[in-house]
file target-v1.cif (mmCIF, C-alpha atoms)
data_my_file
#
loop_
_atom_site.label_atom_id
_atom_site.label_comp_id
_atom_site.auth_asym_id
_atom_site.auth_seq_id
_atom_site.Cartn_x
_atom_site.Cartn_y
_atom_site.Cartn_z
CA MET C 280 -16.65 7.86 -43.66
CA ASN C 281 -19.96 9.70 -44.08
CA ASP C 282 -20.93 8.73 -40.53
CA TYR C 283 -18.15 10.90 -39.10
CA ASP C 284 -18.58 14.49 -38.00
CA ILE C 285 -15.15 16.12 -38.39
CA ARG C 286 -14.55 19.57 -36.99
CA ARG C 287 -12.04 21.75 -35.17
CA PRO C 288 -11.97 21.45 -31.38
CA THR C 289 -12.65 24.33 -29.01
CA PRO C 290 -11.63 24.78 -25.36
CA ALA C 291 -15.11 23.54 -24.44
CA ASP C 292 -14.12 20.08 -25.74
CA ALA C 293 -11.46 19.63 -23.04
CA ALA C 294 -13.55 17.39 -20.77
CA ALA C 295 -14.64 15.06 -23.58
CA ILE C 296 -11.08 14.84 -24.92
CA HIS C 297 -9.77 14.13 -21.44
CA GLU C 298 -12.26 11.28 -21.07
CA LEU C 299 -11.07 9.85 -24.39
CA VAL C 300 -7.38 10.13 -23.50
CA ALA C 301 -7.84 8.80 -19.96
CA GLU C 302 -9.71 5.79 -21.32
CA HIS C 303 -6.76 5.01 -23.59
CA ASP C 304 -4.19 5.55 -20.83
CA VAL C 305 -6.00 3.22 -18.43
CA GLU C 306 -6.19 0.53 -21.09
CA VAL C 307 -2.47 0.81 -21.91
CA THR C 308 -0.75 1.82 -18.65
CA GLY C 309 -3.34 1.01 -15.99
CA LYS C 310 -4.12 4.59 -14.96
CA PRO C 311 -4.83 8.03 -16.47
CA ASP C 312 -1.67 9.87 -17.48
CA TRP C 313 -3.16 13.22 -18.51
CA THR C 314 -5.17 15.49 -16.25
CA LEU C 315 -7.98 17.74 -17.42
CA ASP C 316 -5.64 20.70 -16.95
CA ASP C 317 -3.06 19.02 -19.20
CA ILE C 318 -5.65 18.75 -21.98
CA ALA C 319 -6.84 22.33 -21.46
CA ASP C 320 -3.25 23.59 -21.57
CA THR C 321 -2.56 21.65 -24.78
CA LEU C 322 -5.66 23.07 -26.44
CA GLY C 323 -4.51 26.51 -25.37
CA GLU C 324 -1.11 25.97 -27.00
CA LEU C 325 -2.48 24.78 -30.35
CA ASP C 326 -3.68 26.78 -33.33
CA LEU C 327 -7.10 25.16 -33.13
CA GLU C 328 -8.32 26.68 -36.39
CA HIS C 329 -5.63 24.92 -38.41
CA ASP C 330 -3.73 22.24 -36.49
CA SER C 331 -6.23 20.05 -34.64
CA TRP C 332 -9.37 17.97 -35.23
CA VAL C 333 -12.01 16.05 -33.32
CA VAL C 334 -14.09 13.26 -34.85
CA ARG C 335 -17.56 12.38 -33.59
CA SER C 336 -20.25 9.92 -34.55
CA GLY C 337 -23.74 9.88 -33.11
CA GLY C 338 -22.74 12.65 -30.71
CA ARG C 339 -19.88 10.59 -29.22
CA LEU C 340 -16.26 11.71 -29.42
CA LEU C 341 -14.31 9.03 -31.29
CA GLY C 342 -10.99 10.75 -31.87
CA TRP C 343 -8.72 13.75 -31.44
CA GLY C 344 -5.44 14.66 -33.04
CA TYR C 345 -3.09 17.51 -33.77
CA ALA C 346 0.13 18.57 -35.47
CA ARG C 347 2.35 21.18 -33.80
CA ARG C 348 5.48 22.61 -35.37
CA LYS C 349 8.39 23.59 -33.13
CA GLY C 350 9.07 27.23 -33.92
CA THR C 351 10.00 27.68 -37.57
CA SER C 352 11.85 24.36 -37.75
CA ASP C 353 10.92 21.28 -39.80
CA ASN C 354 10.22 19.32 -36.58
CA VAL C 355 6.50 18.67 -35.99
CA ASP C 356 4.99 16.81 -33.04
CA VAL C 357 1.84 14.85 -33.87
CA ASP C 358 -0.61 12.93 -31.72
CA VAL C 359 -3.58 10.69 -32.51
CA GLN C 360 -6.10 9.46 -29.93
CA ALA C 361 -9.06 7.39 -31.08
CA ARG C 362 -11.63 4.92 -29.82
CA GLU C 363 -11.92 2.93 -33.05
CA PRO C 364 -9.74 2.19 -36.11
CA GLY C 365 -11.74 4.17 -38.69
CA ALA C 366 -11.50 7.38 -36.71
CA ALA C 367 -7.83 6.72 -36.01
CA ALA C 368 -7.03 6.28 -39.71
CA LEU C 369 -8.86 9.48 -40.57
CA ILE C 370 -7.03 11.51 -37.92
CA TRP C 371 -3.65 10.06 -38.93
CA ASP C 372 -4.27 11.29 -42.48
CA LEU C 373 -5.28 14.73 -41.25
CA VAL C 374 -2.37 15.30 -38.86
CA LEU C 375 0.30 13.97 -41.22
CA GLY C 376 -1.07 16.09 -44.04
CA ARG C 377 -0.95 19.11 -41.77
CA ALA C 378 2.60 18.23 -40.65
CA GLY C 379 3.78 18.43 -44.25
CA ASP C 380 1.95 21.71 -44.77
CA LEU C 381 3.45 23.20 -41.58
CA ALA C 382 6.93 22.35 -42.83
CA ARG C 383 6.25 23.90 -46.21
CA GLU C 384 4.88 27.06 -44.60
CA ALA C 385 8.17 27.42 -42.72
CA GLY C 386 10.19 26.98 -45.92
CA HIS C 387 11.10 23.29 -45.62
CA ASP C 388 10.58 20.57 -48.24
CA HIS C 389 9.59 17.99 -45.62
CA ALA C 390 8.56 17.61 -42.00
CA VAL C 391 10.39 15.58 -39.38
CA ALA C 392 7.33 14.22 -37.60
CA ASP C 393 7.56 12.81 -34.07
CA VAL C 394 4.88 10.85 -32.24
CA SER C 395 5.14 9.67 -28.62
CA VAL C 396 4.10 6.07 -27.94
CA TYR C 397 3.93 4.25 -24.61
CA GLU C 398 6.30 1.29 -24.72
CA GLN C 399 3.45 -1.20 -24.22
CA ASP C 400 1.02 0.44 -26.70
CA THR C 401 1.11 -2.17 -29.48
CA VAL C 402 -1.80 -0.64 -31.42
CA MET C 403 -0.21 2.81 -31.63
CA ARG C 404 3.17 1.31 -32.43
CA GLU C 405 1.76 -0.67 -35.36
CA ALA C 406 -0.15 2.37 -36.63
CA ALA C 407 3.03 4.45 -36.58
CA LYS C 408 5.02 1.69 -38.30
CA GLU C 409 2.43 1.39 -41.08
CA ARG C 410 2.90 5.09 -41.80
CA GLY C 411 6.65 4.96 -42.13
CA PHE C 412 7.61 5.84 -38.56
CA ALA C 413 10.55 4.15 -36.84
CA PRO C 414 11.85 4.34 -33.24
CA ALA C 415 14.11 7.35 -32.70
CA THR C 416 14.64 7.52 -28.94
CA SER C 417 13.02 6.64 -25.60
CA PHE C 418 12.16 8.81 -22.64
CA HIS C 419 12.15 7.23 -19.19
CA ARG C 420 9.85 8.66 -16.55
CA MET C 421 11.81 8.59 -13.32
CA ARG C 422 10.47 8.98 -9.80
CA THR C 423 11.83 9.31 -6.31
CA ASP C 424 9.82 9.21 -3.07
CA HIS C 425 10.81 11.59 -0.29
CA ALA C 426 11.73 10.71 3.29
CA GLY C 427 13.93 13.39 4.79
CA VAL C 428 15.85 14.75 1.78
CA ARG C 429 19.21 16.33 2.56
CA PRO C 430 20.24 18.97 -0.01
CA LEU C 431 23.81 19.02 -1.31
CA PHE C 432 26.23 21.94 -1.16
CA LEU C 433 29.37 22.60 -3.21
CA HIS C 434 32.22 25.02 -2.55
CA GLY C 435 31.93 28.15 -4.67
CA VAL C 436 28.39 27.35 -5.83
CA THR C 437 25.45 29.58 -5.04
CA VAL C 438 21.81 28.86 -5.91
CA GLU C 439 19.21 31.52 -6.65
CA THR C 440 15.46 30.97 -6.68
CA GLY C 441 13.10 32.43 -9.25
CA ALA C 442 10.11 34.65 -8.55
CA PRO C 443 7.19 36.02 -10.59
CA GLY C 444 8.38 39.13 -12.37
CA GLY C 445 12.06 38.31 -11.82
CA GLU C 446 12.90 38.74 -15.50
CA GLU C 447 16.66 39.15 -15.11
CA LEU C 448 17.05 35.75 -13.46
CA LEU C 449 14.65 34.17 -15.97
CA ARG C 450 16.73 35.49 -18.86
CA VAL C 451 19.93 34.05 -17.41
CA ALA C 452 18.26 30.68 -16.78
CA HIS C 453 16.89 30.65 -20.33
CA ALA C 454 20.36 31.30 -21.76
CA VAL C 455 21.77 28.39 -19.73
CA GLN C 456 18.98 26.08 -20.92
CA GLN C 457 19.43 27.02 -24.57
CA GLU C 458 23.18 26.38 -24.51
CA ALA C 459 22.91 23.15 -22.54
CA PHE C 460 20.20 21.61 -24.71
CA ALA C 461 21.62 22.60 -28.11
CA GLU C 462 22.63 19.01 -28.98
CA HIS C 463 19.67 17.19 -27.42
CA PHE C 464 17.05 15.21 -29.34
CA GLY C 465 14.34 17.38 -30.85
CA PHE C 466 15.81 20.65 -29.59
CA VAL C 467 14.72 23.80 -31.39
CA PRO C 468 16.06 27.20 -30.21
CA LYS C 469 13.54 29.57 -28.62
CA ARG C 470 13.77 33.27 -27.99
CA PHE C 471 13.38 34.27 -24.34
CA GLU C 472 9.95 35.82 -24.90
CA GLU C 473 8.68 32.68 -26.62
CA TRP C 474 10.02 30.44 -23.85
CA ALA C 475 8.67 32.62 -21.03
CA ASP C 476 5.24 33.00 -22.66
CA GLU C 477 5.02 29.21 -23.14
CA MET C 478 5.84 28.58 -19.48
CA GLU C 479 3.41 31.20 -18.19
CA ALA C 480 0.58 29.87 -20.36
CA SER C 481 0.75 26.55 -18.49
CA SER C 482 -1.51 26.12 -15.48
CA ALA C 483 1.33 24.13 -13.85
CA ASN C 484 3.91 26.92 -14.07
CA ASP C 485 5.49 28.27 -10.88
CA TRP C 486 8.56 30.49 -11.23
CA THR C 487 9.42 29.97 -7.56
CA GLN C 488 10.47 26.45 -8.57
CA LEU C 489 13.22 27.83 -10.83
CA LEU C 490 16.76 27.32 -9.52
CA LEU C 491 19.89 28.88 -11.02
CA ALA C 492 23.34 27.68 -9.92
CA ARG C 493 26.38 29.93 -10.30
CA VAL C 494 29.99 28.77 -9.95
CA HIS C 495 32.04 31.63 -8.50
CA GLY C 496 29.39 33.97 -9.86
CA GLU C 497 29.15 32.56 -13.38
CA PRO C 498 25.81 31.03 -14.49
CA ALA C 499 26.39 27.29 -14.82
CA ALA C 500 23.17 25.27 -14.40
CA MET C 501 19.42 25.64 -14.03
CA LEU C 502 16.44 23.56 -12.94
CA LEU C 503 12.81 24.39 -13.62
CA GLY C 504 10.16 22.59 -11.62
CA THR C 505 6.40 22.69 -12.22
CA ASN C 506 3.17 21.35 -10.73
CA HIS C 507 2.30 18.99 -13.60
CA PHE C 508 2.08 15.90 -11.38
CA VAL C 509 0.60 17.52 -8.27
CA PRO C 510 -3.12 16.96 -9.05
CA ASP C 511 -2.88 13.24 -9.79
CA GLU C 512 0.21 11.99 -7.89
CA ASN C 513 1.04 14.76 -5.40
CA CYS C 514 4.55 14.83 -6.86
CA GLY C 515 6.78 17.64 -7.96
CA TYR C 516 8.05 17.64 -11.54
CA VAL C 517 11.45 18.59 -12.90
CA ARG C 518 10.55 19.92 -16.31
CA THR C 519 14.09 21.00 -17.18
CA LEU C 520 17.56 20.33 -15.78
CA ALA C 521 20.37 21.92 -17.76
CA VAL C 522 24.11 22.21 -17.14
CA ARG C 523 26.32 24.20 -19.49
CA PRO C 524 28.96 21.99 -21.18
CA ALA C 525 31.88 23.77 -19.52
CA PHE C 526 30.50 22.98 -16.07
CA ARG C 527 29.53 19.33 -16.48
CA GLY C 528 31.03 16.65 -14.27
CA ARG C 529 31.17 18.90 -11.19
CA GLY C 530 28.06 17.62 -9.40
CA LEU C 531 25.82 20.57 -10.27
CA GLY C 532 23.02 18.36 -11.55
CA ARG C 533 22.97 16.34 -8.33
CA LEU C 534 23.07 19.52 -6.27
CA LEU C 535 20.08 21.08 -8.03
CA LEU C 536 18.11 17.85 -7.94
CA THR C 537 18.54 17.48 -4.18
CA ARG C 538 17.57 21.13 -3.70
CA ALA C 539 14.41 20.54 -5.79
CA PHE C 540 13.61 17.32 -3.91
CA GLU C 541 14.00 19.06 -0.56
CA ALA C 542 11.75 21.93 -1.69
CA ASP C 543 9.12 19.49 -2.98
CA GLU C 544 9.14 17.68 0.35
CA ARG C 545 8.66 21.00 2.17
CA ARG C 546 5.66 21.67 -0.09
CA GLY C 547 4.12 18.41 1.06
CA ARG C 548 4.88 16.45 -2.12
CA VAL C 549 5.38 12.73 -1.64
CA GLY C 550 7.90 12.51 -4.45
CA THR C 551 9.40 14.09 -7.56
CA ILE C 552 9.11 12.98 -11.21
CA LEU C 553 11.07 13.79 -14.35
CA HIS C 554 11.63 12.52 -17.89
CA VAL C 555 15.02 11.67 -19.35
CA ASP C 556 16.04 10.81 -22.90
CA SER C 557 17.81 7.45 -22.80
CA ASN C 558 20.00 8.64 -25.70
CA ASN C 559 20.87 11.90 -23.99
CA THR C 560 24.22 13.43 -24.99
CA THR C 561 25.09 13.44 -21.28
CA PRO C 562 24.91 10.39 -18.95
CA ALA C 563 21.68 11.66 -17.40
CA LEU C 564 20.06 8.28 -16.69
CA GLY C 565 22.94 7.37 -14.39
CA LEU C 566 22.72 10.76 -12.68
CA TYR C 567 19.07 10.27 -11.80
CA ARG C 568 19.62 6.78 -10.51
CA SER C 569 22.45 8.10 -8.33
CA VAL C 570 20.02 10.39 -6.48
CA GLY C 571 17.56 7.58 -5.81
CA MET C 572 15.25 7.86 -8.82
CA ARG C 573 13.79 4.77 -10.49
CA PRO C 574 12.13 4.31 -13.90
CA VAL C 575 8.33 3.92 -13.75
CA LEU C 576 7.30 4.35 -17.40
CA VAL C 577 8.91 4.35 -20.85
CA ILE C 578 7.66 6.58 -23.67
CA ASP C 579 9.17 5.91 -27.09
CA VAL C 580 9.42 8.60 -29.75
CA TRP C 581 8.85 7.38 -33.30
CA ARG C 582 9.98 9.55 -36.21
CA ALA C 583 9.17 9.83 -39.92
CA LEU C 584 9.87 12.20 -42.80
CA VAL C 585 6.61 13.61 -44.16
CA ARG C 586 6.42 15.57 -47.40
CA PRO C 587 3.73 18.16 -48.24
CA THR C 588 0.82 16.73 -50.19
CA ARG C 589 0.59 19.67 -52.57
#
call {"tool": "encode", "arguments": {"input": "target-v1.cif", "output": "structure tokens"}}
result
Amino acid sequence: MNDYDIRRPTPADAAAIHELVAEHDVEVTGKPDWTLDDIADTLGELDLEHDSWVVRSGGRLLGWGYARRKGTSDNVDVDVQAREPGAAALIWDLVLGRAGDLAREAGHDHAVADVSVYEQDTVMREAAKERGFAPATSFHRMRTDHAGVRPLFLHGVTVETGAPGGEELLRVAHAVQQEAFAEHFGFVPKRFEEWADEMEASSANDWTQLLLARVHGEPAAMLLGTNHFVPDENCGYVRTLAVRPAFRGRGLGRLLLTRAFEADERRGRVGTILHVDSNNTTPALGLYRSVGMRPVLVIDVWRALVRPTR
């Protein structure tokens, strides 16, 4: 243990952390899954003075990890990336200890800790299992490749497009998203300002990729696209697709998806990617298959209850 240099990361560590994460991704999935911008954005979202650590030895980065609470809830996302078992064990202890503390600070007697694990990552899966984690759900990464997309239209449905500074439309879209996702896995309510600030802090954000569908004038569904997969795969990304419960089963999801696909193709994107919870309260996996999407990667979420250490 004395050989390790443990400290808080800074934004200047982004490149070294990206190298570490990309090395792991290539070993497990065959290619990097995070871009340098993804790492920089994550560091920008974290409270680096309290919630994250890097571990070095001999000047080489051996590990990185963090714990991030969702709002004031008891739900805490954790991540551990390491090049060798000793550093991994140390970071696991640090992030799980912090997860318990974050829950206590928000007034909870335990944390509901979630860690994302690639389906084929046996090392990470065993590490999570040893610490009391168990599978909770799986997210499928879906992809479609574009070749002359034809957008759908529905009688009585209009679609508006977002724009920078268009706060009124953003507020309506946020309200739709909050209602539609209320029963989804890991959902924690967010105030509009919190949601908008989080989106705008991301280097991949683009409000012109926001679509809001109204049925006879009433807000019914929204889709928010981003540029997360443009740098590495030249693909658009559907970050959020939400349909209010009263409007489900009317084809609004398919309509917005085809509109997003068509817009991505016009932007020169070769395809569009999204993630879907296989245990979604709505039959989303079938919806995405129906518009030509196929699964390309599975990311499991493992969950454990973590209590504060003091």
call {"tool": "residues_around", "arguments": {"input": "target-v1.cif", "residues": "region 529-545 of chain C", "least_positions_apart": "2", "cutoff": "10 Å", "atoms": "only C-alpha atoms", "output": "PyMOL selection string"}}
result
chain C and resi 423-433+436+438+488-494+499-504+506+513-517+520-523+525-527+547-552+563+566-567+569-570
call {"tool": "closest_residue", "arguments": {"input": "target-v1.cif", "among": "C:Met572, C:Ala295, C:Met478, C:Ala390", "to": "Thr505 (chain C)", "atoms": "only C-alpha atoms"}}
result
C:Met478
call {"tool": "closest_residue", "arguments": {"input": "target-v1.cif", "among": "C:Arg404, C:Arg450, C:His329, C:His303", "to": "Gln360 (chain C)", "atoms": "all atoms listed in the file"}}
result
C:His303
call {"tool": "resolve_selection", "arguments": {"input": "target-v1.cif", "expression": "the PyMOL selection byres ((chain C and resi 331-336) around 7)", "output": "VMD selection string"}}
result
chain C and resid 282 to 288 327 329 to 330 337 to 346 366
call {"tool": "closest_residue", "arguments": {"input": "target-v1.cif", "among": "C:Asp388, C:Glu462, C:Asp579, C:Glu473", "to": "Pro524 (chain C)", "atoms": "only C-alpha atoms"}}
result
C:Glu462
call {"tool": "residues_around", "arguments": {"input": "target-v1.cif", "residues": "region 348-356 of chain C", "least_positions_apart": "5", "cutoff": "8 Å", "atoms": "only C-alpha atoms", "output": "NGL selection string"}}
result
:C and (378 or 381-382 or 385 or 387 or 389-394 or 465 or 467-469)
call {"tool": "closest_residue", "arguments": {"input": "target-v1.cif", "among": "C:Gly445, C:Met421, C:Glu472, C:Phe508", "to": "Gly571 (chain C)", "atoms": "all atoms listed in the file"}}
result
C:Met421
call {"tool": "closest_residue", "arguments": {"input": "target-v1.cif", "among": "C:Leu448, C:Gly411, C:Ala361, C:Asp556", "to": "Phe460 (chain C)", "atoms": "all atoms listed in the file"}}
result
C:Asp556
call {"tool": "closest_atom_pairs", "arguments": {"input": "target-v1.cif", "of": "region 498-531 of chain C", "to": "region 304-322 of chain C", "cutoff": "8 Å", "atoms": "only C-alpha atoms", "output": "Markdown table"}}
result
| residue | atom | partner | partner_atom | distance |
| --- | --- | --- | --- | --- |
| C:His507 | CA | C:Asp317 | CA | 7.8 |
| C:Pro510 | CA | C:Thr314 | CA | 7.6 |
| C:Asp511 | CA | C:Thr314 | CA | 7.2 |
call {"tool": "atom_distance", "arguments": {"input": "target-v1.cif", "atom1": "CA of Arg518 (chain C)", "atom2": "CA of Ala301 (chain C)"}}
result
21.8 Å
call {"tool": "resolve_selection", "arguments": {"input": "target-v1.cif", "expression": "the PyMOL selection byres ((chain C and resi 479-482) around 8)", "output": "PyMOL selection string"}}
result
chain C and resi 316+320+323-324+475-478+483-484
call {"tool": "axis_aligned_box", "arguments": {"input": "target-v1.cif", "around": "region 512-518 of chain C", "padding_each_side": "4 Å", "output": "lines of an AutoDock Vina configuration file"}}
result
center_x = 5.8
center_y = 16.0
center_z = -10.9
size_x = 19.2
size_y = 15.9
size_z = 18.9
call {"tool": "atom_distance", "arguments": {"input": "target-v1.cif", "atom1": "CA of Pro587 (chain C)", "atom2": "CA of Asp358 (chain C)"}}
result
17.9 Å
call {"tool": "closest_residue", "arguments": {"input": "target-v1.cif", "among": "C:Leu553, C:Val396, C:Arg347, C:Asp485", "to": "Gly441 (chain C)", "atoms": "only C-alpha atoms"}}
result
C:Asp485
call {"tool": "atom_distance", "arguments": {"input": "target-v1.cif", "atom1": "CA of Ser417 (chain C)", "atom2": "CA of Glu363 (chain C)"}}
result
26.3 Å
call {"tool": "residues_around", "arguments": {"input": "target-v1.cif", "residues": "His419 (chain C)", "least_positions_apart": "3", "cutoff": "8 Å", "atoms": "all atoms listed in the file", "output": "ChimeraX atom specification"}}
result
/C:554-557,574-578
call {"tool": "residues_around", "arguments": {"input": "target-v1.cif", "residues": "Glu409 (chain C)", "least_positions_apart": "6", "cutoff": "12 Å", "atoms": "all atoms listed in the file", "output": "list in words"}}
result
Ala368, Trp371, Val402, Met403, Trp581 and Ala583 of chain C
